[in-house]
$ cat structure_39.txt   # compact mmCIF, C-alpha atoms and all ligand atoms
# COMPACT_ATOMS: atom_id res chain seq x y z
CA MET A 1 -14.59 -33.00 -10.73
CA VAL A 2 -11.07 -34.23 -11.64
CA ALA A 3 -8.59 -33.45 -8.82
CA PRO A 4 -6.02 -31.01 -10.25
CA ALA A 5 -2.35 -32.11 -10.16
CA ARG A 6 -1.13 -31.60 -6.57
CA ARG A 7 0.85 -28.39 -6.47
CA PRO A 8 3.07 -27.47 -3.50
CA PHE A 9 1.27 -24.22 -2.78
CA HIS A 10 -2.46 -23.49 -2.65
CA LEU A 11 -2.33 -20.81 -5.33
CA ALA A 12 -3.95 -19.91 -8.63
CA SER A 13 -1.36 -19.58 -11.41
CA ASP A 14 -0.85 -16.44 -13.51
CA ASP A 15 -2.45 -18.30 -16.44
CA GLU A 16 -5.48 -19.33 -14.38
CA ILE A 17 -5.99 -15.75 -13.14
CA LYS A 18 -5.48 -14.35 -16.65
CA ALA A 19 -8.01 -16.86 -18.02
CA GLY A 20 -10.67 -15.64 -15.59
CA LYS A 21 -10.59 -18.86 -13.61
CA VAL A 22 -10.51 -17.05 -10.27
CA ALA A 23 -14.19 -16.18 -10.47
CA ASP A 24 -17.13 -16.56 -8.08
CA VAL A 25 -19.18 -19.36 -9.65
CA TYR A 26 -22.32 -17.19 -9.92
CA PHE A 27 -20.51 -15.09 -12.55
CA THR A 28 -19.63 -18.23 -14.55
CA ARG A 29 -23.26 -19.37 -14.38
CA THR A 30 -24.54 -15.90 -15.37
CA VAL A 31 -22.30 -15.95 -18.44
CA GLU A 32 -23.56 -19.46 -19.30
CA ILE A 33 -27.20 -18.33 -18.94
CA LEU A 34 -26.74 -15.17 -21.04
CA ARG A 35 -24.82 -17.05 -23.71
CA LYS A 36 -27.40 -19.85 -23.85
CA ARG A 37 -30.09 -17.13 -24.20
CA GLY A 38 -28.03 -15.38 -26.90
CA ILE A 39 -27.93 -12.19 -24.80
CA SER A 40 -24.83 -10.08 -25.43
CA THR A 41 -25.52 -6.84 -23.65
CA ARG A 42 -23.12 -3.90 -23.65
CA VAL A 43 -22.64 -2.83 -20.07
CA LYS A 44 -20.80 -0.05 -18.27
CA ALA A 45 -19.77 -0.64 -14.67
CA GLU A 46 -17.74 1.30 -12.12
CA VAL A 47 -15.60 0.48 -9.09
CA ARG A 48 -15.83 2.62 -5.96
CA THR A 49 -15.99 2.27 -2.19
CA LYS A 50 -18.74 3.74 -0.03
CA SER A 51 -16.64 3.76 3.14
CA LEU A 52 -13.10 3.43 4.46
CA PRO A 53 -11.81 1.84 7.67
CA ALA A 54 -12.45 3.86 10.85
CA ASP A 55 -11.43 7.56 10.60
CA TRP A 56 -9.56 7.06 7.32
CA GLY A 57 -10.49 10.13 5.27
CA TRP A 58 -8.80 8.95 2.08
CA GLY A 59 -7.42 5.86 0.39
CA VAL A 60 -4.50 5.25 -2.02
CA LEU A 61 -5.46 3.46 -5.24
CA ALA A 62 -3.12 0.48 -5.84
CA GLY A 63 -3.14 -2.77 -7.79
CA LEU A 64 -3.96 -0.95 -11.03
CA GLU A 65 -0.93 -2.25 -12.94
CA GLU A 66 -2.03 -5.82 -12.25
CA VAL A 67 -5.62 -4.99 -13.30
CA ALA A 68 -4.28 -3.60 -16.59
CA ARG A 69 -2.29 -6.79 -17.15
CA LEU A 70 -5.36 -8.88 -16.27
CA LEU A 71 -7.68 -7.11 -18.72
CA GLU A 72 -5.27 -6.71 -21.63
CA GLY A 73 -6.58 -8.76 -24.55
CA ILE A 74 -10.23 -8.60 -23.49
CA PRO A 75 -12.38 -6.53 -25.93
CA ILE A 76 -13.35 -3.82 -23.44
CA ASP A 77 -12.56 -0.19 -22.65
CA VAL A 78 -11.37 0.82 -19.19
CA ILE A 79 -10.85 4.27 -17.68
CA ALA A 80 -9.20 4.69 -14.29
CA MET A 81 -7.44 7.03 -11.90
CA ASP A 82 -3.63 6.86 -11.82
CA GLU A 83 -2.13 4.23 -9.53
CA GLY A 84 -1.19 6.01 -6.31
CA MET A 85 -4.03 8.54 -6.61
CA LEU A 86 -5.61 9.49 -3.29
CA PHE A 87 -9.38 9.01 -3.46
CA ARG A 88 -12.35 9.34 -1.16
CA PRO A 89 -15.52 7.30 -0.64
CA PHE A 90 -18.09 7.57 -3.46
CA GLU A 91 -15.43 8.53 -6.01
CA PRO A 92 -15.32 5.95 -8.87
CA VAL A 93 -11.67 4.86 -9.28
CA LEU A 94 -12.19 2.72 -12.39
CA ALA A 95 -14.93 2.04 -14.98
CA LEU A 96 -15.33 -0.64 -17.62
CA ASP A 97 -17.33 -0.66 -20.85
CA GLY A 98 -17.94 -3.78 -22.96
CA ILE A 99 -20.12 -6.80 -23.70
CA TYR A 100 -20.91 -8.13 -20.20
CA THR A 101 -20.22 -11.80 -20.99
CA GLU A 102 -16.71 -10.79 -22.19
CA TRP A 103 -15.59 -9.52 -18.77
CA ALA A 104 -18.08 -10.72 -16.14
CA GLU A 105 -15.81 -13.52 -14.86
CA TYR A 106 -13.03 -11.01 -14.14
CA GLU A 107 -14.95 -9.08 -11.48
CA THR A 108 -13.65 -11.26 -8.63
CA ALA A 109 -10.02 -10.83 -9.64
CA ILE A 110 -10.34 -7.10 -10.44
CA LEU A 111 -11.75 -6.41 -6.99
CA GLY A 112 -9.28 -8.74 -5.26
CA LEU A 113 -6.35 -6.94 -6.89
CA LEU A 114 -7.63 -3.46 -5.97
CA CYS A 115 -9.07 -4.14 -2.50
CA GLN A 116 -5.96 -5.74 -0.94
CA ALA A 117 -3.29 -3.65 -2.70
CA SER A 118 -5.11 -0.38 -1.91
CA GLY A 119 -5.53 -1.38 1.75
CA ILE A 120 -1.79 -2.03 2.05
CA ALA A 121 -0.79 1.13 0.16
CA THR A 122 -3.16 3.26 2.26
CA LYS A 123 -1.86 1.86 5.57
CA ALA A 124 1.71 2.43 4.40
CA ALA A 125 0.77 6.00 3.42
CA ARG A 126 -0.79 6.59 6.84
CA CYS A 127 2.38 5.35 8.54
CA LYS A 128 4.55 7.52 6.28
CA LYS A 129 2.27 10.53 6.82
CA ALA A 130 2.65 10.02 10.59
CA ALA A 131 6.43 9.51 10.34
CA GLY A 132 7.13 12.51 8.10
CA GLU A 133 10.80 12.47 7.02
CA ARG A 134 11.63 9.52 9.29
CA LEU A 135 12.26 6.22 7.47
CA VAL A 136 9.45 3.64 7.38
CA ILE A 137 10.63 0.19 6.27
CA SER A 138 8.27 -2.64 5.35
CA PHE A 139 9.04 -5.68 7.55
CA GLY A 140 5.76 -7.53 7.10
CA ALA A 141 6.30 -10.22 4.46
CA ARG A 142 6.58 -12.90 7.17
CA ARG A 143 2.99 -12.26 8.17
CA MET A 144 1.54 -13.34 4.82
CA HIS A 145 1.74 -16.15 2.22
CA PRO A 146 5.20 -15.89 0.58
CA ALA A 147 3.65 -15.96 -2.88
CA ILE A 148 2.20 -12.49 -2.31
CA ALA A 149 5.18 -10.98 -0.46
CA PRO A 150 6.31 -9.04 -3.59
CA MET A 151 2.77 -7.66 -4.07
CA ILE A 152 2.53 -6.65 -0.41
CA GLU A 153 5.87 -4.93 -0.33
CA ARG A 154 5.44 -3.28 -3.75
CA ASN A 155 2.26 -1.65 -2.49
CA ALA A 156 3.84 -0.80 0.87
CA PHE A 157 6.56 0.98 -1.14
CA ILE A 158 4.27 2.89 -3.53
CA GLY A 159 2.13 3.82 -0.50
CA GLY A 160 5.12 5.54 1.06
CA CYS A 161 7.48 3.05 2.74
CA ASP A 162 11.08 4.07 2.14
CA GLY A 163 12.19 0.48 1.65
CA VAL A 164 11.28 -3.19 1.75
CA ALA A 165 12.98 -6.13 3.49
CA VAL A 166 12.50 -9.02 1.05
CA THR A 167 15.06 -9.35 -1.77
CA LYS A 168 12.45 -10.64 -4.23
CA SER A 169 10.20 -7.65 -3.50
CA ALA A 170 13.11 -5.24 -3.91
CA GLU A 171 13.79 -6.73 -7.35
CA LEU A 172 10.19 -6.07 -8.35
CA ILE A 173 10.42 -2.39 -7.41
CA GLU A 174 14.01 -2.03 -8.69
CA GLU A 175 15.31 -0.92 -5.28
CA ASP A 176 17.87 -2.33 -2.83
CA PRO A 177 16.37 -4.41 0.00
CA MET A 178 16.60 -2.87 3.47
CA GLY A 179 17.25 -4.78 6.68
CA THR A 180 19.26 -4.83 9.91
CA ILE A 181 20.24 -7.98 11.85
CA PRO A 182 17.90 -10.67 13.28
CA HIS A 183 17.94 -11.87 16.90
CA ALA A 184 19.23 -15.19 15.52
CA LEU A 185 22.63 -13.68 14.61
CA VAL A 186 23.09 -12.24 18.12
CA LEU A 187 22.02 -15.52 19.77
CA ILE A 188 24.33 -17.65 17.62
CA MET A 189 27.27 -15.24 18.01
CA GLY A 190 26.41 -15.16 21.73
CA ASP A 191 26.90 -11.39 22.01
CA THR A 192 25.44 -8.23 20.44
CA VAL A 193 28.85 -6.58 19.84
CA GLU A 194 30.30 -9.78 18.32
CA ALA A 195 27.29 -9.98 15.99
CA VAL A 196 27.57 -6.36 14.80
CA ARG A 197 31.34 -6.67 14.46
CA ALA A 198 30.92 -9.74 12.24
CA PHE A 199 28.32 -7.82 10.19
CA HIS A 200 30.72 -4.88 9.88
CA GLU A 201 33.56 -7.14 8.79
CA ILE A 202 31.62 -9.17 6.21
CA VAL A 203 28.67 -7.23 4.78
CA ASP A 204 29.06 -4.81 1.84
CA LYS A 205 30.28 -1.44 3.17
CA LYS A 206 27.44 0.41 1.46
CA ILE A 207 24.92 -1.26 3.82
CA ARG A 208 24.20 0.85 6.87
CA ARG A 209 25.42 -0.66 10.13
CA VAL A 210 22.41 -1.16 12.42
CA ALA A 211 22.76 -3.08 15.68
CA LEU A 212 19.77 -4.94 17.19
CA ILE A 213 20.11 -4.26 20.92
CA ASP A 214 17.21 -6.03 22.69
CA THR A 215 18.21 -9.69 22.42
CA LEU A 216 20.26 -10.42 25.56
CA GLN A 217 20.77 -7.38 27.84
CA ASP A 218 19.24 -4.00 28.64
CA GLU A 219 18.96 -1.80 25.59
CA LYS A 220 20.71 1.19 27.20
CA PHE A 221 23.89 -0.72 28.02
CA GLU A 222 23.90 -2.64 24.72
CA ALA A 223 23.53 0.65 22.81
CA LEU A 224 26.63 2.04 24.53
CA ARG A 225 28.62 -1.14 23.92
CA VAL A 226 27.92 -1.20 20.16
CA ALA A 227 28.45 2.56 19.85
CA GLU A 228 31.85 2.25 21.53
CA ALA A 229 32.67 -0.79 19.35
CA LEU A 230 31.79 0.76 15.96
CA GLY A 231 32.06 4.47 16.66
CA LYS A 232 31.23 6.56 13.57
CA ASP A 233 30.56 3.40 11.49
CA LEU A 234 27.42 2.71 13.52
CA PHE A 235 24.39 4.20 11.71
CA ALA A 236 21.70 3.17 14.20
CA VAL A 237 20.51 0.81 16.91
CA ARG A 238 17.24 -1.13 16.51
CA LEU A 239 14.89 -1.77 19.43
CA ASP A 240 12.48 -4.67 18.84
CA THR A 241 11.93 -5.02 22.57
CA PRO A 242 9.64 -7.97 23.41
CA SER A 243 6.22 -6.88 24.72
CA SER A 244 6.93 -8.61 28.08
CA ARG A 245 9.85 -6.19 28.58
CA ARG A 246 8.50 -3.23 26.66
CA GLY A 247 6.89 -1.31 29.53
CA ASP A 248 7.08 2.29 28.27
CA LEU A 249 9.11 2.21 25.04
CA PHE A 250 9.09 6.03 24.94
CA ARG A 251 11.03 6.14 28.24
CA ILE A 252 13.42 3.42 27.07
CA LEU A 253 14.16 5.42 23.89
CA GLU A 254 14.61 8.59 25.99
CA GLU A 255 17.18 6.85 28.19
CA VAL A 256 19.07 5.34 25.25
CA ARG A 257 19.10 8.72 23.49
CA TRP A 258 20.39 10.48 26.65
CA GLU A 259 23.18 8.00 27.34
CA LEU A 260 24.36 7.94 23.71
CA ASP A 261 24.36 11.75 23.42
CA LEU A 262 26.11 12.12 26.79
CA ARG A 263 29.03 10.08 25.45
CA GLY A 264 29.30 11.76 22.03
CA HIS A 265 27.31 9.20 20.05
CA GLY A 266 24.71 11.73 18.89
CA HIS A 267 25.06 10.41 15.31
CA VAL A 268 23.58 7.02 16.26
CA LYS A 269 19.93 6.88 15.20
CA LEU A 270 17.14 4.99 16.94
CA ILE A 271 15.08 2.49 14.90
CA VAL A 272 11.97 0.92 16.44
CA SER A 273 10.10 -2.20 15.30
CA GLY A 274 7.51 -4.62 16.66
CA GLY A 275 3.80 -3.72 16.85
CA ILE A 276 4.25 -0.37 15.12
CA ASP A 277 1.41 1.49 13.39
CA GLU A 278 0.56 5.14 12.64
CA SER A 279 -0.60 5.96 16.18
CA GLU A 280 2.51 4.40 17.77
CA ILE A 281 4.62 6.34 15.24
CA LEU A 282 2.97 9.63 16.29
CA ARG A 283 3.72 8.76 19.94
CA LEU A 284 7.38 7.83 19.38
CA ASN A 285 8.33 10.49 16.80
CA PRO A 286 10.03 12.80 19.34
CA LEU A 287 12.72 10.12 19.80
CA ALA A 288 12.60 7.55 16.98
CA ASP A 289 14.43 8.20 13.69
CA ALA A 290 13.03 5.24 11.73
CA TYR A 291 10.49 2.43 11.97
CA GLY A 292 10.24 -1.20 10.88
CA VAL A 293 6.56 -1.88 10.28
CA GLY A 294 5.33 -5.41 9.68
CA THR A 295 1.88 -6.67 10.59
CA SER A 296 -0.01 -3.40 10.54
CA ILE A 297 0.87 -2.81 6.87
CA ALA A 298 1.02 -6.40 5.58
CA ASN A 299 -2.24 -7.23 7.33
CA ALA A 300 -3.88 -3.89 6.51
CA PRO A 301 -7.67 -3.88 6.25
CA VAL A 302 -8.80 -4.36 2.63
CA LEU A 303 -10.71 -1.50 1.05
CA ASN A 304 -14.25 -2.58 0.26
CA PHE A 305 -14.41 -1.69 -3.41
CA ALA A 306 -17.56 -2.81 -5.20
CA LEU A 307 -18.06 -3.11 -8.94
CA ASP A 308 -21.56 -2.12 -10.03
CA ILE A 309 -23.38 -1.81 -13.35
CA ILE A 310 -24.25 1.84 -14.16
CA GLU A 311 -25.40 1.60 -17.78
CA ILE A 312 -27.00 -1.12 -19.93
CA ASP A 313 -26.96 -0.64 -23.71
CA GLY A 314 -26.28 3.06 -23.15
CA ARG A 315 -29.21 3.56 -20.73
CA PRO A 316 -28.28 4.72 -17.20
CA THR A 317 -29.28 1.74 -15.02
CA ALA A 318 -28.14 0.85 -11.51
CA LYS A 319 -29.29 -1.20 -8.53
CA ARG A 320 -30.91 0.43 -5.50
CA GLY A 321 -28.45 2.46 -3.41
CA LYS A 322 -26.32 3.24 -6.44
CA GLU A 323 -26.29 6.29 -8.77
CA SER A 324 -26.67 5.29 -12.43
CA GLY A 325 -24.81 6.60 -15.47
CA ALA A 326 -21.15 7.09 -16.38
CA LYS A 327 -19.30 9.63 -14.23
CA GLN A 328 -16.10 11.65 -14.05
CA VAL A 329 -14.20 12.69 -10.92
CA TYR A 330 -12.73 16.18 -10.96
CA ARG A 331 -10.02 17.06 -8.42
CA CYS A 332 -9.09 20.69 -7.77
CA ARG A 333 -5.33 21.13 -8.16
CA THR A 334 -5.43 23.93 -5.54
CA CYS A 335 -7.78 22.91 -2.70
CA PHE A 336 -7.62 19.15 -3.47
CA ARG A 337 -11.39 18.78 -3.10
CA SER A 338 -13.24 16.61 -5.60
CA ARG A 339 -16.53 16.57 -7.47
CA VAL A 340 -18.24 13.56 -9.02
CA VAL A 341 -20.38 14.57 -12.01
CA PRO A 342 -22.05 12.83 -14.99
CA ALA A 343 -19.41 11.99 -17.60
CA ALA A 344 -21.00 14.37 -20.15
CA LYS A 345 -20.47 17.33 -17.81
CA HIS A 346 -17.12 19.15 -18.13
CA LEU A 347 -15.72 21.19 -15.23
CA GLU A 348 -13.00 23.86 -15.56
CA ARG A 349 -12.66 25.87 -12.33
CA CYS A 350 -13.29 25.08 -8.65
CA ASP A 351 -15.12 27.53 -6.35
CA CYS A 352 -11.68 28.26 -4.84
CA GLY A 353 -10.55 29.42 -8.28
CA GLY A 354 -8.29 26.40 -8.76
CA ALA A 355 -8.18 24.38 -12.00
CA TYR A 356 -9.97 21.04 -12.08
CA GLU A 357 -8.24 17.85 -13.30
CA ALA A 358 -10.31 14.91 -14.62
CA LEU A 359 -9.01 11.84 -12.75
CA LEU A 360 -10.58 8.99 -14.77
CA LYS A 361 -8.41 8.54 -17.86
CA PRO A 362 -8.20 5.84 -20.56
CA LEU A 363 -6.30 2.72 -19.42
CA ILE A 364 -7.46 0.00 -21.83
CA GLN A 365 -9.03 0.55 -25.27
CA LYS A 366 -10.41 -2.46 -27.19
CA GLY A 367 -8.25 -4.70 -25.00
CA ARG A 368 -5.02 -2.75 -25.54
CA CYS A 369 -3.28 -0.94 -22.66
CA VAL A 370 -3.01 2.68 -23.80
CA ARG A 371 -1.22 4.11 -20.76
CA ASP A 372 2.50 4.07 -19.91
CA LEU A 373 2.33 2.63 -16.41
CA PRO A 374 4.94 4.40 -14.25
CA PRO A 375 7.60 2.56 -12.19
CA PRO A 376 6.93 2.10 -8.44
CA ARG A 377 9.32 4.90 -7.42
CA THR A 378 7.43 7.43 -9.59
CA ILE A 379 4.08 6.32 -8.15
CA ARG A 380 5.55 6.62 -4.63
CA GLU A 381 6.72 10.18 -5.32
CA SER A 382 3.21 11.21 -6.41
CA VAL A 383 1.77 9.65 -3.22
CA ILE A 384 4.28 11.49 -1.00
CA GLU A 385 3.39 14.75 -2.79
CA GLN A 386 -0.37 14.20 -2.26
CA LEU A 387 0.16 13.25 1.41
CA ALA A 388 1.26 16.81 2.03
CA ARG A 389 -2.23 17.93 0.94
CA VAL A 390 -4.32 15.84 3.35
CA GLU A 391 -4.79 15.23 7.06
CA LEU A 392 -3.98 11.83 8.55
CA ASN A 393 -7.50 11.39 9.88
CA ALA A 394 -10.87 12.44 8.46
CA SER A 395 -11.50 15.74 10.28
CA GLN A 396 -14.12 17.24 7.99
CA PRO A 397 -16.74 15.65 5.71
CA SER A 398 -15.11 13.79 2.80
CA GLY A 399 -14.54 16.82 0.57
CA THR A 400 -16.23 15.03 -2.30
CA ARG A 401 -19.36 16.63 -3.77
CA LYS A 402 -21.61 14.59 -6.00
CA ASP A 403 -23.73 16.88 -8.18
CA TYR A 404 -25.48 16.55 -11.46
C1 LIG B 501 10.19 -9.26 13.82
C2 LIG B 501 11.04 -8.52 12.89
C3 LIG B 501 10.18 -7.39 12.41
C4 LIG B 501 9.17 -7.17 13.40
C5 LIG B 501 9.02 -8.39 14.10
C6 LIG B 501 7.83 -6.75 12.74
O1 LIG B 501 10.80 -9.45 14.98
O2 LIG B 501 12.15 -8.03 13.50
O3 LIG B 501 10.89 -6.24 12.45
O4 LIG B 501 6.93 -6.63 13.78
P1 LIG B 501 5.39 -6.41 13.51
O5 LIG B 501 4.94 -7.45 12.59
O6 LIG B 501 4.81 -6.45 14.89
O7 LIG B 501 5.29 -5.02 12.92
P2 LIG B 501 11.33 -10.88 15.43
O8 LIG B 501 10.73 -11.98 14.66
O9 LIG B 501 11.24 -10.90 16.90
O10 LIG B 501 12.77 -10.62 15.09
P3 LIG B 501 13.86 -11.06 14.14
O11 LIG B 501 13.33 -11.93 13.08
O12 LIG B 501 14.28 -9.72 13.65
O13 LIG B 501 14.85 -11.73 14.97
$ encode --input "structure_39.txt" --output "structure tokens"
Amino acid sequence: MVAPARRPFHLASDDEIKAGKVADVYFTRTVEILRKRGISTRVKAEVRTKSLPADWGWGVLAGLEEVARLLEGIPIDVIAMDEGMLFRPFEPVLALDGIYTEWAEYETAILGLLCQASGIATKAARCKKAAGERLVISFGARRMHPAIAPMIERNAFIGGCDGVAVTKSAELIEEDPMGTIPHALVLIMGDTVEAVRAFHEIVDKKIRRVALIDTLQDEKFEALRVAEALGKDLFAVRLDTPSSRRGDLFRILEEVRWELDLRGHGHVKLIVSGGIDESEILRLNPLADAYGVGTSIANAPVLNFALDIIEIDGRPTAKRGKESGAKQVYRCRTCFRSRVVPAAKHLERCDCGGAYEALLKPLIQKGRCVRDLPPPRTIRESVIEQLARVELNASQPSGTRKDY
């Protein structure tokens, strides 16, 4: 094995991924065996998950745009849900149809793209669902390899985050980056008010003025100092209080809110960051106006999608524990429940009287992408709309019926 040229970062290149080089070796060997045996079998396969992380009743499908780009040019047909579609366990989100040896070595990359992106988008959606109208900003790029920061933040955004912190990520989603001030600026300026004054003097006026108030002194007194210094120009204060001083953050926020309101600074909003997730958001919502969420979204659990064969040469065939045959997922536009049925079956109306919509739609035909893939903001809007139709946690059985 010739050692590849030393590259600075331990990454596969776009070309290597596109060429199917990011493949578990047993797929490469299977292709070699089938080719040597002259076996070119037409196979249908589907991607679905049988479970979601603890008490998650739904997931958000993400990573689909990259899957489309990956499979373009390969002689196969692909149907899939829309990116941003909420799905439940046992609902196929994507299906492929083609000569197995043509696409087998892409399984690893297809699943990698969907599993991580959908985990991030779902966690972001859970945080946004918990926060309601309050802002949720993605602050997590520093927790992951910089090469995937744009992917992480793009999926945090389509999942529901109102903004992202990294400039490169913001470019990808065609949005302005969002951020406040780091502790470093306060430490170097030696004072919170000096730091926010310098920010106010130098940074573009369209950027909201947010003062970080936990670096040097007690948050309550720092909040009053910056509010008196900037008056109406101060949009918010950010509390990223270190865990060693955090005690009961709810009480700290309560005090800061009281003291600001008492002195006519009711317009100053409270932003919280550091260790935030959907349950902390639910706890702090009575006082917090916005959240910076890092680790819990960037390091979200992956969704365990599996890709399984369901038909061989047109015959329904599947491994044990898996239903064979091509399927369609129908979602009721009214009650939002779903049904998984054989692809040949066509459903019109739900028991509730609502109209059914078939969710698996053509994405790739004979290697050509046949769908206009929407921009991230449009995908995000459809996620926000769907979030209004579901509970944060799985209260009742999944709401997906599988019948034949
Ligand atoms: C980090 C930064 C992010 C926080 C942590 C994300 O704080 O401010 O907002 O936290 P999480 O990953 O727990 O969700 P520091 O590194 O302390 O602060 P800074 O770089 O802002 O000085």
$ residues_near_point --input "structure_39.txt" --point "(3.4, 1.4, 17.7)" --cutoff "12 Å" --atoms "only C-alpha atoms" --output "MDAnalysis selection string"
chainID A and resid 127 130:131 240:241 243 246 248:250 272:285 288 290:297
$ closest_residue --input "structure_39.txt" --among "A:Glu228, A:Glu66, A:Glu46, A:Glu32" --to "Glu105 of chain A" --atoms "only C-alpha atoms"
A:Glu32
$ closest_residue --input "structure_39.txt" --among "A:Thr334, A:Asn393, A:Thr101, A:Ser138" --to "ligand LIG 501 (chain B)" --atoms "only C-alpha atoms and all ligand atoms"
A:Ser138
$ closest_residue --input "structure_39.txt" --among "A:His200, A:Lys44, A:Arg134, A:His183" --to "ligand LIG 501 (chain B)" --atoms "all atoms listed in the file"
A:His183
$ residues_around --input "structure_39.txt" --residues "Ala12 of chain A" --least-positions-apart "2" --cutoff "12 Å" --atoms "all atoms listed in the file" --output "list in words"
Pro4, Arg7, Pro8, Phe9, His10, Asp14, Asp15, Glu16, Ile17, Lys18, Ala19, Gly20, Lys21, Val22, Ala23, Ala109, Ala147 and Ile148 of chain A
$ residues_around --input "structure_39.txt" --residues "Gly160 of chain A" --least-positions-apart "2" --cutoff "8 Å" --atoms "all atoms listed in the file" --output "list in words"
Ala121, Ala124, Ala125, Cys127, Lys128, Val136, Ala156, Phe157, Ile158, Asp162, Arg380, Val383 and Ile384 of chain A
$ residues_around --input "structure_39.txt" --residues "Leu387 of chain A" --least-positions-apart "5" --cutoff "9 Å" --atoms "only C-alpha atoms" --output "number ranges by chain"
A: 86, 125-126, 128-129, 382, 392
$ closest_residue --input "structure_39.txt" --among "A:Glu174, A:Glu222, A:Asp214, A:Asp77" --to "ligand LIG 501 (chain B)" --atoms "all atoms listed in the file"
A:Asp214
$ atom_distance --input "structure_39.txt" --atom1 "atom CA of Ile110 of chain A" --atom2 "atom CA of Arg35 of chain A"
22.0 Å
$ atom_distance --input "structure_39.txt" --atom1 "atom P3 of ligand LIG 501 (chain B)" --atom2 "atom CA of Ser118 of chain A"
27.0 Å
$ axis_aligned_box --input "structure_39.txt" --around "ligand LIG 501 (chain B)" --padding-each-side "3 Å" --output "lines of an AutoDock Vina configuration file"
center_x = 9.8
center_y = -8.5
center_z = 14.7
size_x = 16.0
size_y = 13.0
size_z = 10.5
$ atom_distance --input "structure_39.txt" --atom1 "atom CA of Gly63 of chain A" --atom2 "atom CA of Leu114 of chain A"
4.9 Å
$ closest_residue --input "structure_39.txt" --among "A:Leu172, A:Ala45, A:Met81, A:Ala211" --to "ligand LIG 501 (chain B)" --atoms "all atoms listed in the file"
A:Ala211
$ closest_residue --input "structure_39.txt" --among "A:Ala141, A:Val329, A:Leu363, A:Leu347" --to "ligand LIG 501 (chain B)" --atoms "all atoms listed in the file"
A:Ala141
$ residues_around --input "structure_39.txt" --residues "Arg333 of chain A" --least-positions-apart "5" --cutoff "8 Å" --atoms "all atoms listed in the file" --output "number ranges by chain"
A: 354-357
